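J.: The structure under discussion is supplied below as structure tokens; questions concerning it will follow.
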Amino acid sequence: MEYILSILFIFLQSFLVIFAVLMMAYLGIYGERKLWAAVQLRRGPNIVGPFGLLQPVADFLKLLLKEPIIPDKANKVIFIMAPLVTCFVALSAWAVVPFAENWVVADINVGILYIFAISSLGVYGIILGGWASNSKYPFMGAMRSAAQMVSYEVSIGFVIITVLLCVGSLNLTDIVLAQKKIWFFIPLFPMFIIFFVSALAETNRPPFDLPEAEAELVAGYQVEYSSSFFLLYFLGELAATFLMCAMITILFLGGWLPPLDIYPLNAIPGVVWFMLKVAFIFFMFGMVKALVPRYRYDQLMRLGWKVFLPISLFWVVLTASVLFIFDLAP
Amino acid sequence: MFASILFFIFSFLILASALLVITSKNPVNSVIFLIFSFFNAAGIFLIAGAEFLALIMLIVYVGAVAVLFLFVVMMLDLNFEELNKKTNFVKTGIITSGILIAEMIVLFVYYPEEQSFIINKNNKLNSLTNTEIIGSKIYTEHFYHFQIAGLILLVAMIGAIVLTLRHRDNVRRQDISSQVSRDQEKNVELKDITFEETE
């Protein structure tokens, strides 16, 4: 009986987390569109609901009610499976994210490895979808995406290693608690920048959205997708983006910790700080999209392999040496 | 009880998907089943309590190796009629798998007890997480093996690069630093042009 109850409790927690992620996605779409509108001196969504707040709901319903079109020559099983993989993978990674102290569904020993593994699976949704569509543009998009995501995973891995050297644990809660004295983005500032840019590339966000570059590939891997399949891709991508925001928050911005451990700040519950930091990083992502033009594909590869990889490798060695020489290793 | 049921499910799925890898007509389906069997192998590691190995399995094999596999297989220009013909790899396959099975039997039957792979439950190391155990074992006792493995991988990597590297002279390459360092004084020249008077 107790066993069943504990399983039910885990289910309940998971539903809460998924609900929270979907709410984030909802507010994220709205906020991003308003932000880009403000940058471009437009109004943005302002018709549906007060201040256009219901616009994402209207879009959601529209996509759900449209007819799903499956191309005749497509590999149908994989075609339908691909967006499900994207969405499933992006949502399942949230199981280990600590929203506040002890506010986590699964507090596992190797949390950061789990997130890294799961986020590296995100590429499958895109590559399979692009291949199964049996069409040129999606296929090109899938190829680009595969090469891009594998390249930037390398530098993400090294950045994570530098942070782990300073923490001495793979557990996400331990990583946050290790930042009580100082948030890691101050001593590891170059790594913070590299992680931020690699996160953009890893989630196919502009300026690295080459898998769906509309000027060259129409819509890349999503060309053949319509209605709810498209919606699943869209949601999966947003959830993955927010996951990257949460990862930056946990690794560099001290997770749920307040900026200063003094009275009015530490009275605010941790989850508020966490969400504020995630929202801030998401705002930065949005600003990058609004301000930076898209990279050319060879520039993207150059940046990943010839700039980020050497710098992050060097910083791993440097961090390890500094920790060893000054005997700071945890 | 629960763990052993899961073990049988996972191992059944590994075997089934491994069989599908070699019987699928379409190579892309083969790779997808290969990925599925990697997943189940990770599941077996999890049951054994080796969460580090399970996730490394996912990161290395599923997240990197299989992506590149899929990438290459998708780009192949395949002739399906050629593929559907029977191949002569049965003999080689039986010999290799026979050798592998013999090795495993030898390992499990004759391996000295004190060097057993299975971590003793009463070991004092058990209070550490298995990530820490693996780290402390690799970087102290098995340091040289670790270094040699690294060197072998490095040699293989350099070899792969040397085999595929071709320098073509007619490719126009972008030199970003020279582009950025261009300025008006070096690149713009002002000249006085004299016009001929026309009548």
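Here's how to read the names in the structure tokens: chain A, B, ... by the order shown, residue numbers from 1 in each chain, ligand numbers from 1 in the order shown.
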Restrict the distance test to only C-alpha atoms, flag each residue of chain A within 12 Å of chain B, and return the flagged residues as a PyMOL selection string.
T.: chain A and resi 75+77-78+81-82+108-128+130-132+134+136+139-154+157+168-171+296+298-299+302-303
J.: Excluding segment 272-287 of chain A and residues on its chain fewer than 4 positions from it, collect all residues at most 6 Å away from it, counting only C-alpha atoms, and give them as a list in words.
T.: Glu32, Cys245, Ala246, Gly255 and Trp256 of chain A
J.: To one decimal place, how far is atom CA of Ile44 of chain B from atom CA of Phe158 of chain A in Å?
T.: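 Atom CA of Ile44 of chain B sits 27.5 Å away from atom CA of Phe158 of chain A.
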J.: Quick one: residues within 9 Å of Val17 of chain A, only C-alpha atoms counted, chain neighbours fewer than 2 positions away excluded, as a PyMOL selection string?
T.: chain A and resi 12-15+19-22+91+94-95+104-105
J.: Hey, what does DSSP flag as helix (DSSP H, G or I) within segment 11-188 of chain B? Can you give it to me as a PyMOL selection string?
T.: chain B and resi 11-23+27-47+51-75+80-84+90-110+113-115+124-127+130-141+143-164+176-180+184-187
J.: Distance atom CA of Tyr30 of chain A-atom CA of Pro45 of chain A, one decimal place?
T.: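 Going from atom CA of Tyr30 of chain A over to atom CA of Pro45 of chain A, I get 7.7 Å.
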J.: Report, in Å with one decimal, the straight-line distance from atom CA of Thr140 of chain B to atom CA of Phe324 of chain A.
T.: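 Between atom CA of Thr140 of chain B and atom CA of Phe324 of chain A the gap is 16.5 Å.
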